[in-house]
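*Asks:* So here's model-v4.tsv (TSV, C-alpha atoms).
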chain	number	residue	atom	x	y	z
A	22	MET	CA	-49.41	8.74	28.40
A	23	HIS	CA	-51.43	11.74	27.38
A	24	LEU	CA	-54.08	13.49	29.35
A	25	ASP	CA	-57.60	12.92	28.16
A	26	PRO	CA	-58.96	16.07	26.40
A	27	LEU	CA	-61.65	16.36	29.08
A	28	PHE	CA	-58.92	16.82	31.68
A	29	ASP	CA	-56.38	18.51	29.42
A	30	THR	CA	-56.06	21.72	31.39
A	31	VAL	CA	-53.23	23.07	33.48
A	32	LYS	CA	-55.19	22.46	36.68
A	33	GLN	CA	-55.77	18.82	35.86
A	34	GLN	CA	-52.07	18.07	35.77
A	35	LEU	CA	-52.15	17.80	39.57
A	36	ILE	CA	-53.80	14.80	41.19
A	37	PHE	CA	-54.34	15.01	44.94
A	38	LEU	CA	-54.81	11.74	46.80
A	39	VAL	CA	-56.82	12.26	49.97
A	40	GLY	CA	-58.19	9.94	52.62
A	41	PHE	CA	-57.59	8.70	56.12
A	42	MET	CA	-54.18	7.46	57.25
A	43	GLY	CA	-53.56	3.90	56.20
A	44	THR	CA	-55.68	3.99	53.04
A	45	GLY	CA	-52.65	3.63	50.75
A	46	LYS	CA	-52.20	7.17	49.44
A	47	THR	CA	-48.39	6.99	49.48
A	48	HIS	CA	-48.22	3.36	48.35
A	49	TRP	CA	-50.56	3.78	45.39
A	50	GLY	CA	-49.42	7.32	44.62
A	51	ARG	CA	-45.86	6.13	43.98
A	52	ILE	CA	-47.04	3.24	41.82
A	53	TRP	CA	-49.53	5.31	39.85
A	54	ALA	CA	-47.08	8.16	39.27
A	55	GLN	CA	-44.49	5.78	37.89
A	56	LYS	CA	-47.08	4.03	35.74
A	57	CYS	CA	-48.35	7.33	34.28
A	58	GLY	CA	-45.02	9.12	33.90
A	59	TYR	CA	-45.94	11.62	36.62
A	60	HIS	CA	-43.87	12.95	39.49
A	61	PHE	CA	-44.83	11.90	43.01
A	62	ILE	CA	-44.80	13.95	46.20
A	63	ASP	CA	-45.82	12.76	49.64
A	64	LEU	CA	-46.80	15.93	51.50
A	65	ASP	CA	-45.89	14.49	54.92
A	66	GLU	CA	-42.47	13.39	53.67
A	67	ALA	CA	-41.85	16.84	52.17
A	68	ILE	CA	-42.72	18.47	55.51
A	69	GLU	CA	-40.40	16.05	57.33
A	70	GLU	CA	-37.59	16.92	54.94
A	71	GLU	CA	-38.09	20.67	55.38
A	72	GLU	CA	-38.40	20.46	59.16
A	73	GLY	CA	-35.73	17.83	59.76
A	74	LEU	CA	-38.22	16.06	62.03
A	75	THR	CA	-40.72	13.25	61.65
A	76	VAL	CA	-44.42	14.14	61.61
A	77	ALA	CA	-44.71	12.52	65.05
A	78	ASP	CA	-41.86	14.71	66.36
A	79	ILE	CA	-43.39	17.85	64.83
A	80	PHE	CA	-46.69	17.08	66.59
A	81	ALA	CA	-44.87	16.42	69.88
A	82	LYS	CA	-42.47	19.38	69.78
A	83	LYS	CA	-44.36	22.06	67.86
A	84	GLY	CA	-47.99	20.96	68.04
A	85	GLU	CA	-50.67	20.03	65.56
A	86	GLY	CA	-51.48	23.69	64.81
A	87	TYR	CA	-47.93	24.32	63.62
A	88	PHE	CA	-48.01	21.16	61.52
A	89	ARG	CA	-51.34	22.04	59.89
A	90	SER	CA	-50.12	25.54	59.06
A	91	LYS	CA	-46.93	24.15	57.52
A	92	GLU	CA	-48.98	21.56	55.62
A	93	ALA	CA	-51.27	24.23	54.11
A	94	ALA	CA	-48.34	26.44	53.11
A	95	LEU	CA	-46.48	23.57	51.44
A	96	LEU	CA	-49.62	22.38	49.69
A	97	ARG	CA	-50.06	25.81	48.12
A	98	ARG	CA	-46.50	25.72	46.85
A	99	MET	CA	-47.58	22.72	44.74
A	100	ALA	CA	-49.58	25.00	42.42
A	101	ASP	CA	-46.64	25.35	40.04
A	102	HIS	CA	-46.01	21.61	39.73
A	103	ARG	CA	-47.09	19.82	36.57
A	104	LYS	CA	-47.85	16.16	35.98
A	105	THR	CA	-47.65	15.38	39.69
A	106	ILE	CA	-49.54	13.05	42.02
A	107	ILE	CA	-49.54	14.39	45.57
A	108	ALA	CA	-50.36	12.14	48.54
A	109	CYS	CA	-51.84	14.37	51.22
A	110	GLY	CA	-51.90	13.63	54.92
A	111	GLY	CA	-55.20	12.33	56.27
A	112	GLY	CA	-56.15	15.63	57.88
A	113	ALA	CA	-54.94	17.90	55.09
A	114	PRO	CA	-58.36	18.38	53.42
A	115	CYS	CA	-59.90	19.46	56.75
A	116	PHE	CA	-57.89	22.60	57.50
A	117	PHE	CA	-57.33	26.05	55.98
A	118	ASP	CA	-59.77	25.41	53.09
A	119	ASN	CA	-57.25	22.95	51.68
A	120	MET	CA	-59.87	20.78	49.97
A	121	ALA	CA	-61.34	23.75	48.11
A	122	TRP	CA	-57.83	24.79	47.10
A	123	MET	CA	-56.99	21.29	45.85
A	124	LYS	CA	-60.21	21.09	43.82
A	125	GLU	CA	-59.42	24.47	42.28
A	126	HIS	CA	-55.91	23.40	41.28
A	127	GLY	CA	-56.29	19.75	40.34
A	128	THR	CA	-58.26	16.54	40.57
A	129	THR	CA	-59.02	15.16	44.02
A	130	VAL	CA	-59.16	11.39	44.46
A	131	LEU	CA	-60.42	9.96	47.75
A	132	LEU	CA	-59.11	6.56	48.81
A	133	LYS	CA	-62.02	5.52	50.98
A	134	ALA	CA	-61.79	2.70	53.52
A	135	GLU	CA	-63.58	1.13	56.46
A	136	PRO	CA	-61.99	1.27	59.96
A	137	GLU	CA	-60.97	-2.43	59.88
A	138	PHE	CA	-59.02	-1.94	56.65
A	139	ILE	CA	-57.30	1.12	58.10
A	140	ILE	CA	-56.40	-0.61	61.37
A	141	ASN	CA	-54.92	-3.59	59.53
A	142	ASN	CA	-52.76	-1.25	57.44
A	143	ILE	CA	-51.54	1.02	60.22
A	144	LYS	CA	-50.73	-1.64	62.83
A	145	LYS	CA	-47.41	-2.21	61.07
A	146	HIS	CA	-46.33	1.44	61.36
A	147	ILE	CA	-48.10	2.70	64.48
A	148	GLY	CA	-45.02	4.68	65.58
A	149	LYS	CA	-45.36	6.95	62.56
A	150	ARG	CA	-48.96	7.84	63.48
A	151	PRO	CA	-48.89	10.64	66.07
A	152	LEU	CA	-52.66	10.76	66.47
A	153	LEU	CA	-52.74	7.10	67.53
A	154	GLN	CA	-49.89	7.03	70.04
A	155	GLY	CA	-50.63	4.96	73.11
A	156	MET	CA	-53.94	3.52	71.86
A	157	ASP	CA	-54.92	-0.11	71.95
A	158	GLU	CA	-56.89	-1.61	69.05
A	159	MET	CA	-60.30	-0.85	70.57
A	160	ALA	CA	-59.37	2.78	71.20
A	161	MET	CA	-57.96	3.04	67.67
A	162	ARG	CA	-61.19	1.69	66.18
A	163	ALA	CA	-63.26	4.24	68.14
A	164	PHE	CA	-60.89	7.08	67.23
A	165	ILE	CA	-60.82	6.15	63.54
A	166	SER	CA	-64.61	5.80	63.34
A	167	THR	CA	-65.08	9.19	64.99
A	168	LYS	CA	-62.48	10.90	62.80
A	169	LEU	CA	-63.95	9.38	59.62
A	170	LEU	CA	-67.34	10.86	60.53
A	171	GLU	CA	-65.77	14.26	61.29
A	172	ARG	CA	-63.80	14.27	58.06
A	173	GLU	CA	-66.57	12.97	55.80
A	174	PRO	CA	-67.79	16.48	54.86
A	175	PHE	CA	-64.28	17.21	53.54
A	176	TYR	CA	-63.46	13.80	52.07
A	177	GLY	CA	-66.88	13.67	50.43
A	178	GLN	CA	-65.99	16.67	48.28
A	179	ALA	CA	-63.44	14.65	46.31
A	180	VAL	CA	-64.19	14.53	42.61
A	181	ILE	CA	-63.34	10.81	42.39
A	182	ILE	CA	-63.91	8.22	45.10
A	183	LEU	CA	-62.02	4.93	44.99
A	184	ASP	CA	-62.42	2.02	47.39
A	185	ALA	CA	-58.97	1.58	48.96
A	186	ALA	CA	-59.62	-2.12	49.57
A	187	THR	CA	-59.94	-2.79	45.84
A	188	ALA	CA	-57.22	-0.42	44.58
A	189	THR	CA	-54.70	-1.90	42.15
A	190	ALA	CA	-51.83	-0.67	40.02
A	191	ASP	CA	-54.33	-0.25	37.19
A	192	SER	CA	-56.87	1.75	39.20
A	193	ILE	CA	-55.39	5.06	38.02
A	194	ASN	CA	-56.20	4.16	34.41
A	195	GLU	CA	-59.69	3.05	35.35
A	196	LEU	CA	-60.43	6.51	36.77
A	197	GLY	CA	-60.62	7.95	33.28
A	198	LEU	CA	-57.90	10.56	33.83
A	199	PHE	CA	-55.64	9.22	31.09
A	200	LYS	CA	-55.94	7.72	27.66
A	201	THR	CA	-54.86	4.10	27.65
Transcribe the structure of this file into structure tokens.
*Replies:*
Amino acid sequence: MHLDPLFDTVKQQLIFLVGFMGTGKTHWGRIWAQKCGYHFIDLDEAIEEEEGLTVADIFAKKGEGYFRSKEAALLRRMADHRKTIIACGGGAPCFFDNMAWMKEHGTTVLLKAEPEFIINNIKKHIGKRPLLQGMDEMAMRAFISTKLLEREPFYGQAVIILDAATATADSINELGLFKT
């Protein structure tokens, strides 16, 4: 597929998927990258590979501050990538001016979702979610609602907003980023 002339710039060859955990950034990012002939990078997975630890272990052993610093540094190393969809961790846009950096270097796509949708998605993989360790469903709902409000000023800066609950394999084409 070819980039649409409107987006046919070096910076538009990077697509950053942002949104809360459990909104499908990794799931849809892999599918969309394959569909569009793009590379795919999951920022959390790349950090895990570099550190030799899971995100949960990094949080537990080195702290969130270390993780966020590592996340920002790795994100900035993405500037040289071309034709790449990057799934960012849920908090990535909220630290170190990451959202501004992403908007400067590519197209930001927010996968937006309600707390119920998120809870239903993350229940299956709760062990991989360090911010939710030890919470019951009611505590998770309160935490997610609070975090969504806190992160809205960052998430709301995304150039494109897509409802995660209605995302499909064809959603990437419907965003107008590519000629069909």
*Asks:* Given the choices A:Glu85, A:Glu173, A:Asp157, A:Glu125, which gets closest to A:Ile140 if the distance is worked out from only C-alpha atoms?
*Replies:*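 Distance minimum relative to A:Ile140 lands on A:Asp157.
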*Asks:* Taking only C-alpha atoms into account, which of A:Val130, A:Val76, A:Met99, A:Asp118 comes nearest A:Ile193?
*Replies:*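 Selected residue with least distance to A:Ile193: A:Val130.
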*Asks:* Separation of atom CA of A:Tyr87 and atom CA of A:Met120, in Å?
*Replies:*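 Computing the Euclidean distance for atom CA of A:Tyr87 and atom CA of A:Met120 yields 18.5 Å.
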*Asks:* Could you jot down the atom CA of A:Ile62 to atom CA of A:Asp78 separation for me, Å, one decimal place?
*Replies:*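 One can read the atom CA of A:Ile62 to atom CA of A:Asp78 distance as 20.4 Å.
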*Asks:* Nearest to A:Ala190: which of A:Lys56, A:Lys144, A:Lys91, A:Lys46 is it, counting all atoms listed in the file?
*Replies:*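 For A:Ala190, the nearest of the candidates is A:Lys56.
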*Asks:* Padding 5 Å on each side, edges along x, y and z: where is the centre of the box around the listed atoms of stretch 52-56 of chain A, and how long are its edges in Å to one decimal? Output it as AutoDock Vina command-line options.
*Replies:*
--center_x -47.0 --center_y 5.7 --center_z 38.8 --size_x 15.0 --size_y 14.9 --size_z 16.1
*Asks:* Counting all atoms listed in the file, what is within 12 Å of A:Ala179, bar same-chain residues fewer than 4 positions away, as number ranges by chain?
*Replies:* A: 36-40, 114, 119-125, 127-133, 172-175, 183
*Asks:* Write the residues of the preceding selection, restricted to C-alpha atoms, as a PDB file, keeping the file's coordinate frame.
*Replies:*
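Dumped to result_18.pdb:
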ATOM      1  CA  ILE A  36     -53.800  14.800  41.190  1.00  0.00           C
ATOM      2  CA  PHE A  37     -54.340  15.010  44.940  1.00  0.00           C
ATOM      3  CA  LEU A  38     -54.810  11.740  46.800  1.00  0.00           C
ATOM      4  CA  VAL A  39     -56.820  12.260  49.970  1.00  0.00           C
ATOM      5  CA  GLY A  40     -58.190   9.940  52.620  1.00  0.00           C
ATOM      6  CA  PRO A 114     -58.360  18.380  53.420  1.00  0.00           C
ATOM      7  CA  ASN A 119     -57.250  22.950  51.680  1.00  0.00           C
ATOM      8  CA  MET A 120     -59.870  20.780  49.970  1.00  0.00           C
ATOM      9  CA  ALA A 121     -61.340  23.750  48.110  1.00  0.00           C
ATOM     10  CA  TRP A 122     -57.830  24.790  47.100  1.00  0.00           C
ATOM     11  CA  MET A 123     -56.990  21.290  45.850  1.00  0.00           C
ATOM     12  CA  LYS A 124     -60.210  21.090  43.820  1.00  0.00           C
ATOM     13  CA  GLU A 125     -59.420  24.470  42.280  1.00  0.00           C
ATOM     14  CA  GLY A 127     -56.290  19.750  40.340  1.00  0.00           C
ATOM     15  CA  THR A 128     -58.260  16.540  40.570  1.00  0.00           C
ATOM     16  CA  THR A 129     -59.020  15.160  44.020  1.00  0.00           C
ATOM     17  CA  VAL A 130     -59.160  11.390  44.460  1.00  0.00           C
ATOM     18  CA  LEU A 131     -60.420   9.960  47.750  1.00  0.00           C
ATOM     19  CA  LEU A 132     -59.110   6.560  48.810  1.00  0.00           C
ATOM     20  CA  LYS A 133     -62.020   5.520  50.980  1.00  0.00           C
ATOM     21  CA  ARG A 172     -63.800  14.270  58.060  1.00  0.00           C
ATOM     22  CA  GLU A 173     -66.570  12.970  55.800  1.00  0.00           C
ATOM     23  CA  PRO A 174     -67.790  16.480  54.860  1.00  0.00           C
ATOM     24  CA  PHE A 175     -64.280  17.210  53.540  1.00  0.00           C
ATOM     25  CA  LEU A 183     -62.020   4.930  44.990  1.00  0.00           C
TER      26      LEU A 183
END
*Asks:* Please work out which residues fall within 10 Å of (-45.4, 9.4, 34.5), coordinates as given in the file, with only C-alpha atoms counting, and return them as a compact mmCIF listing (two decimals) with C-alpha atoms, in the coordinates of the input.
*Replies:*
# COMPACT_ATOMS: atom_id res chain seq x y z
CA MET A 22 -49.41 8.74 28.40
CA HIS A 23 -51.43 11.74 27.38
CA ILE A 52 -47.04 3.24 41.82
CA TRP A 53 -49.53 5.31 39.85
CA ALA A 54 -47.08 8.16 39.27
CA GLN A 55 -44.49 5.78 37.89
CA LYS A 56 -47.08 4.03 35.74
CA CYS A 57 -48.35 7.33 34.28
CA GLY A 58 -45.02 9.12 33.90
CA TYR A 59 -45.94 11.62 36.62
CA HIS A 60 -43.87 12.95 39.49
CA PHE A 61 -44.83 11.90 43.01
CA LYS A 104 -47.85 16.16 35.98
CA THR A 105 -47.65 15.38 39.69
CA ILE A 106 -49.54 13.05 42.02
*Asks:* What is the atom CA of A:Asp65-atom CA of A:Gly110 distance in Å, reported with one decimal?
*Replies:*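 Atom-to-atom, atom CA of A:Asp65 and atom CA of A:Gly110 are spaced 6.1 Å apart.
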*Asks:* Restricting the calculation to only C-alpha atoms: of A:Leu169, A:Leu35, A:Ala81, A:Ile68, which residue gets closest to A:His102?
*Replies:*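 So, comparing all the options, the nearest one is A:Leu35.
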*Asks:* Using only C-alpha atoms, which of A:Ala113, A:Leu74, A:Ile107, A:Met161 sits nearest A:Gly86?
*Replies:*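 Checking each of A:Ala113, A:Leu74, A:Ile107, A:Met161 against A:Gly86, counting only C-alpha atoms, the winner is A:Ala113.
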*Asks:* From the options A:Gly197, A:Gly177, A:Ala186, A:Met159, which residue's atoms come nearest to A:Ala134, counting all atoms listed in the file?
*Replies:*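 Looking at the shortest contact to A:Ala134, the residue is A:Ala186.
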*Asks:* Please rebuild stretch 33-44 of chain A with all heavy atoms and return the result as a PDB file, in the frame of the given file.
*Replies:*
ATOM      1  N   GLN A  33     -55.591  20.253  35.762  1.00  0.00           N
ATOM      2  CA  GLN A  33     -55.770  18.820  35.860  1.00  0.00           C
ATOM      3  C   GLN A  33     -54.448  18.060  35.818  1.00  0.00           C
ATOM      4  O   GLN A  33     -54.443  16.848  35.871  1.00  0.00           O
ATOM      5  CB  GLN A  33     -56.708  18.315  34.762  1.00  0.00           C
ATOM      6  CG  GLN A  33     -58.105  18.840  34.898  1.00  0.00           C
ATOM      7  CD  GLN A  33     -58.753  18.481  36.223  1.00  0.00           C
ATOM      8  OE1 GLN A  33     -58.395  17.521  36.874  1.00  0.00           O
ATOM      9  NE2 GLN A  33     -59.703  19.276  36.651  1.00  0.00           N
ATOM     10  N   GLN A  34     -53.353  18.753  35.748  1.00  0.00           N
ATOM     11  CA  GLN A  34     -52.070  18.070  35.770  1.00  0.00           C
ATOM     12  C   GLN A  34     -51.608  17.774  37.187  1.00  0.00           C
ATOM     13  O   GLN A  34     -50.557  17.191  37.383  1.00  0.00           O
ATOM     14  CB  GLN A  34     -51.034  18.872  35.006  1.00  0.00           C
ATOM     15  CG  GLN A  34     -51.349  18.887  33.513  1.00  0.00           C
ATOM     16  CD  GLN A  34     -50.260  19.553  32.722  1.00  0.00           C
ATOM     17  OE1 GLN A  34     -49.104  19.508  33.070  1.00  0.00           O
ATOM     18  NE2 GLN A  34     -50.644  20.186  31.632  1.00  0.00           N
ATOM     19  N   LEU A  35     -52.407  18.147  38.172  1.00  0.00           N
ATOM     20  CA  LEU A  35     -52.150  17.800  39.570  1.00  0.00           C
ATOM     21  C   LEU A  35     -53.247  16.850  40.027  1.00  0.00           C
ATOM     22  O   LEU A  35     -54.424  17.123  39.831  1.00  0.00           O
ATOM     23  CB  LEU A  35     -52.155  19.038  40.459  1.00  0.00           C
ATOM     24  CG  LEU A  35     -51.001  20.020  40.292  1.00  0.00           C
ATOM     25  CD1 LEU A  35     -51.220  21.253  41.161  1.00  0.00           C
ATOM     26  CD2 LEU A  35     -49.678  19.357  40.644  1.00  0.00           C
ATOM     27  N   ILE A  36     -52.852  15.747  40.625  1.00  0.00           N
ATOM     28  CA  ILE A  36     -53.800  14.800  41.190  1.00  0.00           C
ATOM     29  C   ILE A  36     -53.502  14.700  42.680  1.00  0.00           C
ATOM     30  O   ILE A  36     -52.380  14.361  43.077  1.00  0.00           O
ATOM     31  CB  ILE A  36     -53.685  13.413  40.517  1.00  0.00           C
ATOM     32  CG1 ILE A  36     -54.005  13.530  39.027  1.00  0.00           C
ATOM     33  CG2 ILE A  36     -54.615  12.410  41.203  1.00  0.00           C
ATOM     34  CD1 ILE A  36     -53.721  12.275  38.231  1.00  0.00           C
ATOM     35  N   PHE A  37     -54.492  15.039  43.494  1.00  0.00           N
ATOM     36  CA  PHE A  37     -54.340  15.010  44.940  1.00  0.00           C
ATOM     37  C   PHE A  37     -55.019  13.768  45.492  1.00  0.00           C
ATOM     38  O   PHE A  37     -56.233  13.591  45.314  1.00  0.00           O
ATOM     39  CB  PHE A  37     -54.978  16.261  45.568  1.00  0.00           C
ATOM     40  CG  PHE A  37     -54.329  17.546  45.131  1.00  0.00           C
ATOM     41  CD1 PHE A  37     -54.884  18.295  44.101  1.00  0.00           C
ATOM     42  CD2 PHE A  37     -53.175  18.002  45.744  1.00  0.00           C
ATOM     43  CE1 PHE A  37     -54.301  19.475  43.686  1.00  0.00           C
ATOM     44  CE2 PHE A  37     -52.573  19.189  45.335  1.00  0.00           C
ATOM     45  CZ  PHE A  37     -53.134  19.927  44.307  1.00  0.00           C
ATOM     46  N   LEU A  38     -54.257  12.919  46.151  1.00  0.00           N
ATOM     47  CA  LEU A  38     -54.810  11.740  46.800  1.00  0.00           C
ATOM     48  C   LEU A  38     -55.123  12.103  48.249  1.00  0.00           C
ATOM     49  O   LEU A  38     -54.242  12.538  48.984  1.00  0.00           O
ATOM     50  CB  LEU A  38     -53.821  10.572  46.757  1.00  0.00           C
ATOM     51  CG  LEU A  38     -53.379  10.115  45.376  1.00  0.00           C
ATOM     52  CD1 LEU A  38     -52.405   8.954  45.485  1.00  0.00           C
ATOM     53  CD2 LEU A  38     -54.571   9.741  44.508  1.00  0.00           C
ATOM     54  N   VAL A  39     -56.381  11.941  48.620  1.00  0.00           N
ATOM     55  CA  VAL A  39     -56.820  12.260  49.970  1.00  0.00           C
ATOM     56  C   VAL A  39     -57.466  11.030  50.587  1.00  0.00           C
ATOM     57  O   VAL A  39     -57.868  10.109  49.884  1.00  0.00           O
ATOM     58  CB  VAL A  39     -57.774  13.473  50.001  1.00  0.00           C
ATOM     59  CG1 VAL A  39     -57.100  14.725  49.448  1.00  0.00           C
ATOM     60  CG2 VAL A  39     -59.061  13.189  49.233  1.00  0.00           C
ATOM     61  N   GLY A  40     -57.576  11.047  51.906  1.00  0.00           N
ATOM     62  CA  GLY A  40     -58.190   9.940  52.620  1.00  0.00           C
ATOM     63  C   GLY A  40     -57.516   9.760  53.959  1.00  0.00           C
ATOM     64  O   GLY A  40     -56.480  10.367  54.245  1.00  0.00           O
ATOM     65  N   PHE A  41     -58.090   8.921  54.770  1.00  0.00           N
ATOM     66  CA  PHE A  41     -57.590   8.700  56.120  1.00  0.00           C
ATOM     67  C   PHE A  41     -56.218   8.026  56.074  1.00  0.00           C
ATOM     68  O   PHE A  41     -55.862   7.397  55.072  1.00  0.00           O
ATOM     69  CB  PHE A  41     -58.574   7.836  56.910  1.00  0.00           C
ATOM     70  CG  PHE A  41     -58.483   8.032  58.392  1.00  0.00           C
ATOM     71  CD1 PHE A  41     -59.035   9.150  58.984  1.00  0.00           C
ATOM     72  CD2 PHE A  41     -57.840   7.109  59.183  1.00  0.00           C
ATOM     73  CE1 PHE A  41     -58.940   9.342  60.352  1.00  0.00           C
ATOM     74  CE2 PHE A  41     -57.744   7.282  60.550  1.00  0.00           C
ATOM     75  CZ  PHE A  41     -58.294   8.400  61.141  1.00  0.00           C
ATOM     76  N   MET A  42     -55.460   8.162  57.163  1.00  0.00           N
ATOM     77  CA  MET A  42     -54.180   7.460  57.250  1.00  0.00           C
ATOM     78  C   MET A  42     -54.416   5.966  57.039  1.00  0.00           C
ATOM     79  O   MET A  42     -55.455   5.430  57.419  1.00  0.00           O
ATOM     80  CB  MET A  42     -53.523   7.712  58.620  1.00  0.00           C
ATOM     81  CG  MET A  42     -54.242   7.074  59.784  1.00  0.00           C
ATOM     82  SD  MET A  42     -53.409   7.295  61.368  1.00  0.00           S
ATOM     83  CE  MET A  42     -54.232   8.750  61.984  1.00  0.00           C
ATOM     84  N   GLY A  43     -53.458   5.333  56.392  1.00  0.00           N
ATOM     85  CA  GLY A  43     -53.560   3.900  56.200  1.00  0.00           C
ATOM     86  C   GLY A  43     -54.412   3.449  55.032  1.00  0.00           C
ATOM     87  O   GLY A  43     -54.651   2.257  54.873  1.00  0.00           O
ATOM     88  N   THR A  44     -54.859   4.383  54.198  1.00  0.00           N
ATOM     89  CA  THR A  44     -55.680   3.990  53.040  1.00  0.00           C
ATOM     90  C   THR A  44     -54.833   3.709  51.801  1.00  0.00           C
ATOM     91  O   THR A  44     -55.374   3.267  50.786  1.00  0.00           O
ATOM     92  CB  THR A  44     -56.741   5.053  52.715  1.00  0.00           C
ATOM     93  OG1 THR A  44     -56.104   6.315  52.491  1.00  0.00           O
ATOM     94  CG2 THR A  44     -57.762   5.161  53.842  1.00  0.00           C
TER      95      THR A  44
END
